[in-house]
Each structure stands twice: as C-alpha cells, then as structure tokens.
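A.B. asks: Let me begin by handing over the structure; questions about it come next.
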Protein chains: 4
Amino acid sequence: MIKEGDFIFLYGGKKAQFLIKYTKERPYFECHLGKVDFPPEFDFGDVVYTNLNKPLYVLRPSTSDLVFRVKRLTTIMYPKDMGYVALNLGIKSGDRVVEVGSGSGAMTIVLASIVGDSGMVYSFERREEFLKNAMRNVKNAGLEKRVKFFLRDVEKDGFGVDDVDAIVVDVPEPWTVVGHVKRSLKGGAPVFFLSPNIEQVQKTYDALKEHGFVRMKTVEILEREIKVREGKTRPMERMISHTGYLTFAYKVNVEKGDLEHVRL
Amino acid sequence: MIKEGDFIFLYGGKKAQFLIKYTKERPYFECHLGKVDFPPEFDFGDVVYTNLNKPLYVLRPSTSDLVFRVKRLTTIMYPKDMGYVALNLGIKSGDRVVEVGSGSGAMTIVLASIVGDSGMVYSFERREEFLKNAMRNVKNAGLEKRVKFFLRDVEKDGFGVDDVDAIVVDVPEPWTVVGHVKRSLKGGAPVFFLSPNIEQVQKTYDALKEHGFVRMKTVEILEREIKVREGKTRPMERMISHTGYLTFAYKVNVEKGDLEHVRL
Amino acid sequence: MIKEGDFIFLYGGKKAQFLIKYTKERPYFECHLGKVDFPPEFDFGDVVYTNLNKPLYVLRPSTSDLVFRVKRLTTIMYPKDMGYVALNLGIKSGDRVVEVGSGSGAMTIVLASIVGDSGMVYSFERREEFLKNAMRNVKNAGLEKRVKFFLRDVEKDGFGVDDVDAIVVDVPEPWTVVGHVKRSLKGGAPVFFLSPNIEQVQKTYDALKEHGFVRMKTVEILEREIKVREGKTRPMERMISHTGYLTFAYKVNVEKGDLEHVRL
Amino acid sequence: MIKEGDFIFLYGGKKAQFLIKYTKERPYFECHLGKVDFPPEFDFGDVVYTNLNKPLYVLRPSTSDLVFRVKRLTTIMYPKDMGYVALNLGIKSGDRVVEVGSGSGAMTIVLASIVGDSGMVYSFERREEFLKNAMRNVKNAGLEKRVKFFLRDVEKDGFGVDDVDAIVVDVPEPWTVVGHVKRSLKGGAPVFFLSPNIEQVQKTYDALKEHGFVRMKTVEILEREIKVREGKTRPMERMISHTGYLTFAYKVNVEKGDLEHVRL
C-alpha cells in the first residue's frame, strides 16, 4: 500500500508524466487530464481515473525520475551522465564521498542513494541560496541523514575531510580545487570533474598534471531516443547534443616531477 | 595497506592498464614493461617499479574496471550502458532484482554491488558453461553472498520469485519471457531489456503491449572519448557506435484491453 | 555590382540571417533590426545599415542557403544529407538524373546546379500542389531550363526515360518503384532512397534484392555544431538527431536468382 | 561499352570492392576471389566471373569512390565531409576556386568535377612530393585541364589569384593564410577550413575576427552505417568518430574595428 510521504510517478502517456509525493493531507492530484482523488487504499501498479475519465498509472519512480525532477536553481547533471559517473568512480555501499558544488542536489541524491546508511556524502556549496535548495531537495528525498552540507568557499578553506573514496567536482573553475582534492582523497582513488567547456577541461588537465594525477580520461555521453511504432520506427528527430565533458583522474602519492616518463 | 585478495589496478600509461588480484602466494606481476616484485607493505596510490625501471601506479579499480575485465564467454554489457540502466531502474540498497541471462556475470556484479548485503540478485542462465563462468566471476569479485544463480530455461519454468523490485533481461528472444516478468515484478516496477537488433525491440514492444506494460522507452547510449593534449585536443578518431538498444517498461495491474486509450 | 534578380544573403548576426532576391522594384528590406534602403550601386561583401543603425552584411548565398530556404509544403532533405547524396551518386556536369518525389524542389535545385546546362533532371510528383510549388522554387533559383517536371503517379506509369545516370527516390513507399528504377537506370548505375523509418528501409531492401541490385549501403549523417567562443568552446546543446536513413544500391543486369552466392 | 581508360568499380561483396582503370594492355584483374579476363566487349552492369567461378559486378564508380581510392601520401578528407563542404561553399559549374594544401588531391578531384570545363581550381602545395602525387591522382581522374597546381609556400607568397568564388584551406596552421584568403576572395564569398584539433579552430577564429570575416560556423559531420539484415538490423558496431572540424566564414569589405557591435 502507498504510505504517507511515498513518491509516486503518475503516468498518463508521453505528455502526462508527473512525480508527486503522497500525503494524506493532500490526497488528490490535478493536471490537464483532470482531477483524481486517490482512494483510501491504493498501490503501485494500480490505475486511477480522473474526473474526465482519463487513466493515470501509479508507477514507482526511478532514481532518474527523482533527480530529474528536483527543484532546480542551477543546471543539473543529466541521468545519462550520472549513471556513468557513479559506475566509473566505483561508488558503493559504505563509501565516503566529497561533492564540490552541491548545485541543486541532484547528484547528491544519486550519491546518497548508493553509499547507503553506512556511507556519507560531504557536499560543499558557496552560495547560500543554492545550498538551502539542495538541502531541501535531499531532505525531500528522505536522504538527509546520509549527507553533510557545508556552506564554504572550498578554494580558500579546503574540505576538512580526509581519506575519502571519491570526489565529484562540479564548479566553474575546477582547477582551483585540485590541490584540496589531492589532500582529501585516499591514495589511488578517483576524482571526477564535470565541465561544459573544453577550455575548462584543458585547464583542469594542467592542474592535474602539476599535482601528479594519472589515468586521465575525458568522455562525452550521448543519449539518443528511439521511437518504436509499428511501421514508423526511427530515432527521435531532436536530441540533447551536449551537457558536459566528463573527466576522471586518479590520485597517486607523487608529484609531477617523478612522472615525466609515463604517458599519463 | 593492500591485503590478500584485494583487486589492484596497475597503471603504467594508456597501453599498460592491468587489473589483478593481490595474493601473498604470487606477490609479483609481469608485463611488457618488465617484472615487478611487490614490497611486503604497499598501498593504493603508491608507485612500484619494474626491473626495467618502468613505473606502475597502484590504483583502486572502479566498478567499471571490475566488470569490464571479467572472464568473458559472451559479449558483456558496456559500462556506458550499465550505469544508465542501474539509475533508470532505480536499483538501490536492499533491492531484490531478477536477472535473465547471467551471461558472463558482468551486470550481475554491478547489480550485486548496489543492492548491498540486505538485497539479493536472482540470476538465471540456461547454458551451464556460461553459468559456471558467471558464478566464478561473481565469486572472484567477492559478491557471491548477494547472488542466487539458477540453471534454468526461464521461458518454460519462470522465475519462482515474486514481488521483485526490478528485472534485467539480456537474452536473444526477450519477448518469450514477458509473461513471467509480469508475474514476478512488483506493481508499478520497471523491467529492462538489452537488444542488439531493432527487430528484437519491435517484438518486445508487441509482447509488452499485450501484457499491459506502460511507459516504454528505448534509447541508445554513445560514449565518445576526447583526447586532451596541448594543442591537439579532439575526439578520438574511432568509437564504439552500437552495443545495443536499451528498452525500459513498467508493469501495471491491467491487461492491454483496458489501456487502449492511453498512448503508452 | 548586384543586379536585378540576384539572391543576397543578409547577415546581421546569428539571429538575423535572411535570403532575399534583389529587384529594382523593391530596393529595400525590413526586419527586426530596422529598414534598409539599398544604395543604387552596391556589391557582395558590402555592409549596409538599417535606419536603426544596425549593420547587415551582403553575402553570397551558398547552395545550402538556397535550398534550405525554399518555400516548403513538405519536409525537405537537409543540406547535411544532400551533399553526401550528390557525392555518393557521383552526380556531375552533363548527367541525366531522375527524381521521384519533387517535394518542395530542394533536392531538385541541388541536382540541377550540378548537372549544369548540358545535363537534365526529370522530376516526378503526383500531388499537383507540391509540383507547382517545386516548379516555382526551381524557377526562382533560375534553374528551370535544367528540369523537366511531370505530374505523374510513377508507380503505375513509370518514368518514360531511359539510360539515366542516377535516380533519387524520396517517396513514402519507395519499394513500389524499384522495378521502374531498374528499367530506367544505366547498367552499373546508382539509385538513392531517403527513408525516415527503418521499416521503409527493410521493405526497400527486399524489393532491391528481388530485382538483383547490389552494393546496398545505408547510413545516417549527423551534423553537430560547435560553439567557438573564447573560454566557452563546446558543442551546441541541442542537435537534429535524425532526418532519415540514406540507402544506396547499384543496378546490375541480372535477376536475383543469379546472385545467391554473393553477399550483397 | 567500356572503353580504354574508363574507371570500373568491381563489386563481389562487402569484402571484395575494387576500383580499377581499364586498359586494353591489361585486360584482366586478380584478387582473392580469383582472376578474371575481361571479355572483348563488356559494359557497366555486367557480371564477370573469375577462374574460381566467383561473380564480380561491373559498376560505375561514384565521385566518392574516385576520391576515396586515390594514392595517398597524406590523410585525405572523407566523402562525408567533402559533400557537405561543396554544398556549403556553393561550388558550381564555372567557379574559380583556390585550394590551399593539395594533399593527395582528393578534394581537388571533387572541386574539379563540379566546376566543370568552364571553371578552374588553383591548388597550392609546399611539399614537392605531395604535389607530384596530387597531380598524378588528378591526371589519373582525367581532370588535369581543370586544375592549376603551384609548388608554393603561400604563407609567404600568397596566391596571386584574385576574385575567386571560394577557398578551401587544409593546412596545419590555417591562421597564417587568412590575410591572403581575404585578398583573393570575392566580396561576400566563403572560405572553408579543415582542422583536426580544436586549438586550430580557436586560432583560426582569432585570425578571422581580426580580418573582419563574418558568419563563422563550425560543425562536425558523423556518418553512421546501418546493417540491414533480416531480423538483425542495427547500426554497425564501430564508426569513425572524428575526422576534423569543418569551419566556414564569409569575407566582408571591412576590418574588425567596424564590426564590434555585431555578434559574428
């Protein structure tokens, strides 16, 4: 049975997709398909009907759905990128992860949902308005116990956390925090940078080389949707072409001088 | 300190990347860069030198690394696809997940590493040779307690597991198992299909419609690597263009007849 | 100097791009940047100013510009596809080319501009309204002497032209005209099909095999624009993901039965 | 009938594709499918058989085929790029075109085949070995009357040709020739640059802005091949991911100072 505070994904066709939080105080929903009063007992997989007799399916939201529909004050990382990042960083249950740039808390939610109750996400943001919104979004997702938020300019003050398993950086000038990243990461552990522009990637590489990081890799992830209709199967006509460059690197316990003879 | 049985990712440049399992019985490693004898105490982030004086960096392997380097008897799902799938299915700590087609156990490892000790993966395979290899790979990754393997032709016999949170299907004729998928899924929960060919997707849609699934979506994920070198930054000249179509759908508690008026 | 009837491409920035035809009767132009009265003598490369003192550059239009801005009653082939098609068909000065489906005359203009005065394009269309619009667009481009238009249902009546160098097919049911295509093509010469949907491609292959065509090839062409700005260089955020599948095949003087042992 | 000096494209399946020039002196062909002796009279569209009884189809080569199979001493532009470039530059019968960097003569052949007998291509190359090879390839294609080759370092000496309709630049440091490009182009006419690396594009933009060029545009063209087989239709597993960035710009009769208020 659906309980107080459960997230529900209501689906009434391609153009009627809604993520809501169910509360007994507000046991109804309205959209262009009409109003639906939720029955006293209903469950995932049920169909409910609006007053205009339109069906809405009661689906379980995926992590993608939860993060894609946070309240946004910033651009957020896309699900296509977030899944790739989590897997490449090897985030797992119990990990301690630093996030630089909480943004709207979308990636925070993904990280918190993977590290579980035995892990911890340390999330840093320097703009108070964004931090508050991210905190609200994470709380809304029921994950607030797994995240410690900090209002801080990390370029100046660093993270104050050591031996973390992975670091996620999503700020406009990522090269300014590479020194702090090195200090806080476990040996041999990975850091990730999201950068919309190629010049940001180039400057980040310079900083990474200076601090002796290795195994740098930069990729773009493209998602192309396919319309599958009888006799009319084809890729969608338009797609998101670019969200950002995804850069990964690994910390080693040496400075650049020692590395000259390795192709990094 | 690195302990018996730890996985180590040795990195000596783009063309010298190795995943090994450290054991005290075999405390050395050999490759085209020479032989290295591991010191009695060493740690992630250290650099070790071969007898040819070539450095190798001791890095932590990511989940991508672990799955990409399983012993393969079948083609495996690519990391670019697996991260997307895990996020879209909303796999999380504690989930019970069915996998149809263990293959080489690569996706099994990803699923097991996310569901954690409180979750369970039920993995079905009908070819004994593949099942044994998958079991070995999962055990090798230290995840065998989180996976129950079955040698079974699921088309005939179904899964025998109910109320699961998500199902992953990677078999050549996925449409033959859609009825079993419906029976075993929780209401409102998602199923995923990997299909190299478009005809497989089309037939799967037909079966999904017949069984009243909704919110079907099919995508391709493309990964494009960028070479970042001073004055020579550009995408790599070649890329993997296609691995498979990724199809998602959600179970609802109705048959097709009831759905005619929804655009699925 | 710019003369009566010349096409001019006026450029006032990314959001102010206009293709016009200059006439002495209407020696002015208006847009959101203001009104400009053309001086009695002006030339390509000049800058003219609107009454709001905004500059507009007087550029030469490319073939892309001419075809992209025809009056459209149908979707048109995109420049990214048309250049590829012309080169792959090997269209050259003096060629005689059949076009099935005049559409809005966009591809007609490209073909006519390449075959020159010594060549000829035979363009077939069965909807009178479209034919008239295509004729107007071709005339407008000054290419009417190089094109013979036919209002005809080619499926029933064929082309009535023989020994042509290449055929371009852009109709919803291309497989219905493959027999006529074979009759009209020179031996060893190519035919091209534009198909938005994969099922159209599949049916066309069936028809091509039945008629003994060889060297079939199907591609998609993707165009990705790069924003180049100081410190902000990156791909555009959105792109056209799919216009159509481009299929090529070559006529040989045999029927299918004779070909069984060649992988086509 | 096939005549002395005709190019023939022999097709015996995906892995047996050959471009040859027919001469009476050498009226046979050999490959892994066996040897074929051409009959005294044969024509395009015919099938010939090797001594191993394998069929080869006698097809007409497209411009793509001709340029793709020139003798190469350099990397050549790909057909997917060349068609786009020709259309975007608006190359047409009668045009006078400058090419900077003859390379292996591949693009020279495309340009010469479009400008026809009434046009002219001026092709500049500074490495003698490359120039000689390009000349041989162009002569081989029977287009030598439409091309004037120059062994020249254009950065120092310029082109010595004025009022040309379009310029194609394919050299490693394109920004060094932008001043000469401006001098030789007609007003309002376009120039094209091929650059593998993004830094080359960035430097070229700087030079273009300094010389008052407008309407800059940079794209990548991706070609993705689709395998169409009954029940096994899908994109090819691998593709060329990057050949180069294609940059276009237009000359206007002003210097940069005058343009500050236009977004170029």
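Convention: chains lettered A, B, ... in structure tokens order; per-chain residue numbering from 1; ligands numbered from 1 as shown.
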Please, which residues in chain A fall within 6 Å of chain B when counting only C-alpha atoms, and what is the closest atom pair and distance in Å to one decimal for each, ordered by chain then residue number, as a Markdown table?
C.D. replies:
```
| residue | atom | partner | partner_atom | distance |
| --- | --- | --- | --- | --- |
| A:Gly13 | CA | B:Arg263 | CA | 4.9 |
| A:Phe44 | CA | B:Gly188 | CA | 4.7 |
| A:Gly45 | CA | B:Gly188 | CA | 3.8 |
| A:Asp46 | CA | B:Asn253 | CA | 5.7 |
| A:Leu59 | CA | B:Gly188 | CA | 4.0 |
| A:Arg60 | CA | B:Gly188 | CA | 5.2 |
| A:Ser62 | CA | B:Gly90 | CA | 4.0 |
| A:Thr63 | CA | B:Gly90 | CA | 4.5 |
| A:Ser64 | CA | B:Asn88 | CA | 5.4 |
| A:Lys80 | CA | B:Tyr84 | CA | 5.8 |
| A:Gly83 | CA | B:Gly83 | CA | 4.1 |
| A:Tyr84 | CA | B:Gly83 | CA | 4.9 |
| A:Leu87 | CA | B:Thr63 | CA | 5.6 |
| A:Asn88 | CA | B:Ser64 | CA | 5.4 |
| A:Leu89 | CA | B:Ser62 | CA | 5.5 |
| A:Gly90 | CA | B:Ser62 | CA | 4.0 |
| A:Gly187 | CA | B:Gly45 | CA | 3.9 |
| A:Gly188 | CA | B:Gly45 | CA | 3.8 |
| A:Ala189 | CA | B:Arg60 | CA | 5.6 |
| A:Thr218 | CA | B:Ile226 | CA | 5.4 |
| A:Val219 | CA | B:Glu225 | CA | 4.2 |
| A:Glu220 | CA | B:Arg224 | CA | 5.2 |
| A:Ile221 | CA | B:Glu223 | CA | 4.7 |
| A:Leu222 | CA | B:Leu222 | CA | 4.9 |
| A:Glu223 | CA | B:Ile221 | CA | 4.7 |
| A:Arg224 | CA | B:Glu220 | CA | 5.2 |
| A:Glu225 | CA | B:Val219 | CA | 4.2 |
| A:Ile226 | CA | B:Thr218 | CA | 5.4 |
| A:Val252 | CA | B:Gly45 | CA | 4.1 |
| A:Asn253 | CA | B:Gly45 | CA | 5.3 |
| A:Val262 | CA | B:Gly13 | CA | 5.8 |
| A:Arg263 | CA | B:Gly13 | CA | 4.9 |
| A:Leu264 | CA | B:Gly13 | CA | 5.4 |
```
A.B. asks: Would you save the residues of that selection, restricted to C-alpha atoms, as a PDB file, in the first residue's frame?
C.D. replies:
```pdb
ATOM      1  CA  GLY A  13       1.056   8.910 -21.688  1.00  0.00           C
ATOM      2  CA  PHE A  44       1.857   0.859  -7.115  1.00  0.00           C
ATOM      3  CA  GLY A  45       0.740  -0.695 -10.377  1.00  0.00           C
ATOM      4  CA  ASP A  46      -2.851   0.485  -9.935  1.00  0.00           C
ATOM      5  CA  LEU A  59       4.367   3.779 -11.035  1.00  0.00           C
ATOM      6  CA  ARG A  60       7.465   3.557  -8.852  1.00  0.00           C
ATOM      7  CA  SER A  62      13.414   5.511 -10.520  1.00  0.00           C
ATOM      8  CA  THR A  63      16.454   7.350  -9.187  1.00  0.00           C
ATOM      9  CA  SER A  64      16.491   9.090 -12.586  1.00  0.00           C
ATOM     10  CA  LYS A  80      22.854   9.753 -18.752  1.00  0.00           C
ATOM     11  CA  GLY A  83      24.982   6.718 -14.005  1.00  0.00           C
ATOM     12  CA  TYR A  84      28.241   6.695 -15.936  1.00  0.00           C
ATOM     13  CA  LEU A  87      29.985   3.418 -12.090  1.00  0.00           C
ATOM     14  CA  ASN A  88      33.321   4.894 -13.156  1.00  0.00           C
ATOM     15  CA  LEU A  89      34.035   6.228  -9.710  1.00  0.00           C
ATOM     16  CA  GLY A  90      33.092   2.836  -8.314  1.00  0.00           C
ATOM     17  CA  GLY A 187      45.698   7.026  -2.339  1.00  0.00           C
ATOM     18  CA  GLY A 188      44.855   5.528  -5.732  1.00  0.00           C
ATOM     19  CA  ALA A 189      41.286   6.874  -5.604  1.00  0.00           C
ATOM     20  CA  THR A 218      37.587  12.558 -20.759  1.00  0.00           C
ATOM     21  CA  VAL A 219      34.368  11.443 -22.409  1.00  0.00           C
ATOM     22  CA  GLU A 220      31.035  12.713 -23.581  1.00  0.00           C
ATOM     23  CA  ILE A 221      27.917  10.593 -23.146  1.00  0.00           C
ATOM     24  CA  LEU A 222      25.179  10.939 -25.757  1.00  0.00           C
ATOM     25  CA  GLU A 223      21.683   9.585 -25.279  1.00  0.00           C
ATOM     26  CA  ARG A 224      19.601   9.008 -28.375  1.00  0.00           C
ATOM     27  CA  GLU A 225      15.990   8.015 -28.003  1.00  0.00           C
ATOM     28  CA  ILE A 226      14.311   5.659 -30.473  1.00  0.00           C
ATOM     29  CA  VAL A 252      48.944   8.904  -6.660  1.00  0.00           C
ATOM     30  CA  ASN A 253      51.389   9.709  -3.888  1.00  0.00           C
ATOM     31  CA  VAL A 262      54.869   7.932 -18.021  1.00  0.00           C
ATOM     32  CA  ARG A 263      52.287   8.869 -20.609  1.00  0.00           C
ATOM     33  CA  LEU A 264      49.581   9.908 -18.185  1.00  0.00           C
TER      34      LEU A 264
END
```
A.B. asks: Identify, with DSSP run on backbone atoms, the residues in range 12-195 of chain D assigned to helix (DSSP H, G or I), and express the list as a ChimeraX atom specification.
C.D. replies: /D:63-68,79-89,106-115,128-140,144-146,154-157,174-184
A.B. asks: Can you pull out the residues contacting range 99-103 of chain A? Cut-off 7 Å, using only C-alpha atoms, and skip same-chain residues under 6 positions away; I want them as number ranges by chain.
C.D. replies: A: 74, 122-125, 130-131, 134, 167-171
A.B. asks: Provide the CA of Tyr78 in chain B to CA of Ser118 in chain B distance in Å, to one decimal place.
C.D. replies: 26.1 Å
